[in-house]
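Novice: Mind having a look at this structure? Questions to follow.
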Amino acid sequence: MASSINLLISPPNSQYSFCSRNSLFFSPSITTFRRTLPSKSLSISASSSSTRELEALIFDCDGVILESEHLHRQAYNDAFSHFNVRCPDNDDEPLNWSLEFYDVLQNQIGGGKPKMRWYFKEHGWPTSTIFQHSPEDDNDRARLIDTLQDWKTERYKEIIKSGTVEPRPGVLRLMDEAKAAGKMLAVCSAATKSSVVLCLENLIGLDRFHGLDCFLAGDDVKEKKPDPSIYITAAKKLGVSESNCLVVEDSVIGLQVHLPILCNLYFKVLSRGCV
């Protein structure tokens, strides 16, 4: 039987609240889908003859705890410029991922290395200051991606440490209220562990970070999202049933973790969402 982890889609510019005991319960089956607002807004209501008590709240990091995708894009483009990465389909200038392209890419492929590997397979392996000619064997291609990812990660850390980045409105309150209500808290991110640790230490504070009941990053699991391994592993480490966990996600790639088991999901779209 497929695993069941419940999902809360958290679109950009949303505020979080955890205002009553009733919000700690969820219905395990979706019965109605109802559009209530124009454009890309979606309201989903759920009901069931029985309810299960929520035991754990599991946060994604990027896009949930902080609005970070534009920061990652900046760090990737800085890496491409630093190493003069040029793909065959446009070798007039270093590779630069546009805002529109990256918005699509980050919703389809989880993790930095898989993003670059997919892009280079589609657009041709690039030349760079790392390799004068396009790498042809798997070892050189892996070295190229590893080097770019390592430099990008350090650049991303510099941006986070600049003091200009803040957590999304309400996220700290949600964590504190959930903890006060006796719920376990976890953070699961497909990003590199060192960058996630830096984000959490700077944005939620050392006390909240060390108070997490579970923390997993992309380094801790073999498969990236949309494979559900990271959330299933978190549930096991927390010692709770997967169906008693609520995952706070923001992207299509996070939604796809759960597509095979939609009948067991509980969605609540806070504002404009992924439809």
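So you can find residues: chains in the structure tokens are A, B, ... in the order shown, residues in each start at 1, and ligands are numbered from 1 in order.
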With a distance cut-off of 12 Å and only C-alpha atoms, select the neighbouring residues of Val196 (chain A), excluding the residue or stretch itself and same-chain residues fewer than 3 positions from it, and output the selection as a PyMOL selection string.

Specialist: chain A and resi 60-62+65-66+68+72+153-154+156-157+160+187-193+199-204+209+215-219

Novice: Please produce a file of the residues just selected, as a short mmCIF file (atom, residue, chain, number, x, y, z; two decimals), in the first residue's frame, where the atoms kept are N, CA, C and O atoms.

Specialist:
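Result file follows (selection-v6.cif):
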data_model
loop_
_atom_site.label_atom_id
_atom_site.label_comp_id
_atom_site.auth_asym_id
_atom_site.auth_seq_id
_atom_site.Cartn_x
_atom_site.Cartn_y
_atom_site.Cartn_z
N ASP A 60 9.30 22.11 4.10
CA ASP A 60 10.34 22.31 3.11
C ASP A 60 11.05 23.61 3.51
O ASP A 60 10.56 24.36 4.36
N CYS A 61 12.20 23.89 2.92
CA CYS A 61 12.93 25.11 3.29
C CYS A 61 12.77 26.19 2.22
O CYS A 61 12.15 27.22 2.46
N ASP A 62 13.32 25.95 1.05
CA ASP A 62 13.30 26.96 0.00
C ASP A 62 11.87 27.20 -0.48
O ASP A 62 11.17 26.28 -0.88
N ILE A 65 10.13 28.41 4.15
CA ILE A 65 10.67 29.18 5.27
C ILE A 65 11.19 30.53 4.78
O ILE A 65 11.10 31.54 5.48
N LEU A 66 11.71 30.56 3.58
CA LEU A 66 12.14 31.82 2.99
C LEU A 66 11.85 31.82 1.50
O LEU A 66 11.77 30.76 0.87
N SER A 68 13.31 31.97 -1.58
CA SER A 68 14.73 31.77 -1.88
C SER A 68 15.05 31.46 -3.34
O SER A 68 16.22 31.49 -3.72
N HIS A 72 18.73 31.49 -5.26
CA HIS A 72 19.41 30.35 -5.88
C HIS A 72 19.74 30.66 -7.35
O HIS A 72 20.83 30.35 -7.83
N THR A 153 27.04 26.95 -4.04
CA THR A 153 26.63 26.83 -2.64
C THR A 153 27.30 27.89 -1.78
O THR A 153 26.66 28.52 -0.92
N GLU A 154 28.60 28.10 -1.99
CA GLU A 154 29.32 29.12 -1.22
C GLU A 154 28.80 30.51 -1.54
O GLU A 154 28.70 31.36 -0.64
N TYR A 156 25.75 31.22 -2.49
CA TYR A 156 24.43 31.30 -1.86
C TYR A 156 24.58 31.61 -0.37
O TYR A 156 23.82 32.41 0.19
N LYS A 157 25.56 30.99 0.26
CA LYS A 157 25.81 31.27 1.68
C LYS A 157 26.15 32.74 1.91
O LYS A 157 25.71 33.35 2.89
N ILE A 160 22.96 34.71 1.88
CA ILE A 160 22.18 34.50 3.11
C ILE A 160 22.81 35.27 4.28
O ILE A 160 22.12 35.89 5.08
N VAL A 187 12.37 19.79 9.33
CA VAL A 187 12.64 20.49 8.08
C VAL A 187 13.30 19.50 7.14
O VAL A 187 14.26 18.82 7.50
N CYS A 188 12.76 19.40 5.92
CA CYS A 188 13.31 18.51 4.89
C CYS A 188 13.52 19.31 3.62
O CYS A 188 12.57 19.85 3.06
N SER A 189 14.74 19.37 3.16
CA SER A 189 15.07 20.15 1.97
C SER A 189 15.93 19.34 1.03
O SER A 189 16.81 18.59 1.47
N ALA A 190 15.70 19.50 -0.27
CA ALA A 190 16.52 18.82 -1.26
C ALA A 190 17.86 19.51 -1.47
O ALA A 190 18.73 18.97 -2.14
N ALA A 191 18.04 20.67 -0.87
CA ALA A 191 19.27 21.44 -1.06
C ALA A 191 20.43 20.82 -0.28
O ALA A 191 20.26 19.93 0.55
N THR A 192 21.63 21.32 -0.57
CA THR A 192 22.83 20.87 0.12
C THR A 192 22.74 21.17 1.61
O THR A 192 22.31 22.26 2.01
N LYS A 193 23.16 20.22 2.44
CA LYS A 193 22.99 20.36 3.89
C LYS A 193 23.63 21.63 4.43
O LYS A 193 23.04 22.34 5.25
N CYS A 199 20.93 28.62 6.29
CA CYS A 199 19.64 29.31 6.19
C CYS A 199 18.88 29.24 7.50
O CYS A 199 18.38 30.25 8.01
N LEU A 200 18.79 28.03 8.06
CA LEU A 200 17.99 27.85 9.27
C LEU A 200 18.60 28.58 10.45
O LEU A 200 17.89 29.21 11.25
N GLU A 201 19.92 28.52 10.59
CA GLU A 201 20.57 29.20 11.71
C GLU A 201 20.35 30.70 11.64
O GLU A 201 20.17 31.37 12.66
N ASN A 202 20.37 31.25 10.42
CA ASN A 202 20.24 32.69 10.25
C ASN A 202 18.79 33.16 10.26
O ASN A 202 18.52 34.29 10.68
N LEU A 203 17.86 32.32 9.83
CA LEU A 203 16.49 32.77 9.65
C LEU A 203 15.54 32.35 10.76
O LEU A 203 14.64 33.11 11.12
N ILE A 204 15.72 31.15 11.32
CA ILE A 204 14.82 30.76 12.40
C ILE A 204 15.52 30.83 13.76
O ILE A 204 14.87 30.72 14.80
N PHE A 209 16.37 26.02 15.57
CA PHE A 209 17.04 25.03 14.74
C PHE A 209 17.42 23.80 15.57
O PHE A 209 17.14 22.66 15.18
N PHE A 215 15.85 16.87 11.07
CA PHE A 215 16.33 17.74 10.00
C PHE A 215 17.02 16.87 8.95
O PHE A 215 17.95 16.13 9.27
N LEU A 216 16.54 16.95 7.71
CA LEU A 216 17.13 16.18 6.62
C LEU A 216 17.37 17.10 5.42
O LEU A 216 16.57 17.98 5.14
N ALA A 217 18.49 16.86 4.74
CA ALA A 217 18.81 17.61 3.52
C ALA A 217 19.01 16.63 2.37
O ALA A 217 18.94 15.41 2.54
N GLY A 218 19.27 17.20 1.20
CA GLY A 218 19.44 16.36 0.02
C GLY A 218 20.56 15.35 0.15
O GLY A 218 20.53 14.28 -0.47
N ASP A 219 21.56 15.67 0.98
CA ASP A 219 22.69 14.75 1.18
C ASP A 219 22.27 13.48 1.92
O ASP A 219 22.98 12.47 1.88
#

Novice: Please identify the strand (DSSP E) residues within region 39-164 of chain A (assignment by DSSP from backbone atoms) and present them as an MDAnalysis selection string.

Specialist: chainID A and resid 43:46 52:53 56:59

Novice: To test your reading of the structure, identify every residue in region 176-244 of chain A that backbone DSSP assigns to helix (DSSP H, G or I), and report it as number ranges by chain.

Specialist: A: 176-180, 193-203, 206-210, 218-220, 229-238, 242-244

Novice: Using only C-alpha atoms, pick whichever of A:Gln132, A:Asp213, A:Arg208, A:Leu148 has the shortest atom-to-atom distance to Ala235 (chain A).

Specialist: A:Asp213

Novice: Under the rule that only C-alpha atoms are counted, which of A:Lys152, A:Glu67, A:Gln106, A:Ala180 is the nearest residue to Pro226 (chain A)?

Specialist: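 Selected residue with least distance to Pro226 (chain A): A:Gln106.
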
Novice: Determine the nearest neighbour of Phe120 (chain A) from the options A:Val248, A:Leu174, A:Leu105, A:Cys87, counting only C-alpha atoms.

Specialist: A:Cys87

Novice: Closest to Asp138 (chain A) among A:Arg73, A:Lys222, A:Arg117, A:Arg155, using only C-alpha atoms?

Specialist: A:Arg117

Novice: So which residues touch Ile232 (chain A) within 7 Å, counting only C-alpha atoms, skipping near sequence neighbours fewer than 4 positions away, as JSON, numbers by chain?

Specialist: {"A": [228, 236, 242]}

Novice: Now that the selection is made, can you save its residues with all heavy atoms as a PDB file, in the first residue's frame?

Specialist:
ATOM      1  N   PRO A 228       9.443  10.422  -2.788  1.00  0.00           N
ATOM      2  CA  PRO A 228       9.036  10.815  -1.432  1.00  0.00           C
ATOM      3  C   PRO A 228       9.986  10.374  -0.329  1.00  0.00           C
ATOM      4  O   PRO A 228       9.661  10.518   0.851  1.00  0.00           O
ATOM      5  CB  PRO A 228       7.674  10.117  -1.290  1.00  0.00           C
ATOM      6  CG  PRO A 228       7.826   8.869  -2.102  1.00  0.00           C
ATOM      7  CD  PRO A 228       8.673   9.267  -3.289  1.00  0.00           C
ATOM      8  N   LYS A 236       9.841   8.273   9.729  1.00  0.00           N
ATOM      9  CA  LYS A 236      10.447   7.167  10.468  1.00  0.00           C
ATOM     10  C   LYS A 236      11.319   7.683  11.602  1.00  0.00           C
ATOM     11  O   LYS A 236      11.298   7.159  12.715  1.00  0.00           O
ATOM     12  CB  LYS A 236      11.263   6.288   9.517  1.00  0.00           C
ATOM     13  CG  LYS A 236      10.406   5.488   8.537  1.00  0.00           C
ATOM     14  CD  LYS A 236      11.269   4.648   7.601  1.00  0.00           C
ATOM     15  CE  LYS A 236      10.412   3.834   6.637  1.00  0.00           C
ATOM     16  NZ  LYS A 236      11.252   3.051   5.681  1.00  0.00           N
ATOM     17  N   GLU A 242       3.201   8.047   8.742  1.00  0.00           N
ATOM     18  CA  GLU A 242       3.276   9.029   7.657  1.00  0.00           C
ATOM     19  C   GLU A 242       1.961   9.777   7.491  1.00  0.00           C
ATOM     20  O   GLU A 242       1.937  10.956   7.142  1.00  0.00           O
ATOM     21  CB  GLU A 242       3.653   8.322   6.355  1.00  0.00           C
ATOM     22  CG  GLU A 242       5.051   7.725   6.393  1.00  0.00           C
ATOM     23  CD  GLU A 242       5.157   6.435   5.606  1.00  0.00           C
ATOM     24  OE1 GLU A 242       4.184   6.077   4.915  1.00  0.00           O
ATOM     25  OE2 GLU A 242       6.210   5.777   5.691  1.00  0.00           O
TER      26      GLU A 242
END

Novice: Can you work out which one of A:Thr127, A:Leu238, A:Asp146, A:Gly112 has the shortest atom-to-atom distance to Leu185 (chain A), counting only C-alpha atoms?

Specialist: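 For Leu185 (chain A), the nearest of the candidates is A:Leu238.
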
Novice: Would you work out the distance separating CA of His123 (chain A) from CA of Ile109 (chain A), expressed in Å to one decimal?

Specialist: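 CA of Ile109 (chain A) lies 15.7 Å from CA of His123 (chain A).
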
Novice: Report, in Å with one decimal, the straight-line distance from CA of Lys161 (chain A) to CA of Gly205 (chain A).

Specialist: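 Value for the CA of Lys161 (chain A)-CA of Gly205 (chain A) distance: 12.9 Å.
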
Novice: Tell me, in Å to one decimal, how far CA of Glu53 (chain A) is from CA of Asp207 (chain A).

Specialist: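 One can read the CA of Glu53 (chain A) to CA of Asp207 (chain A) distance as 26.3 Å.
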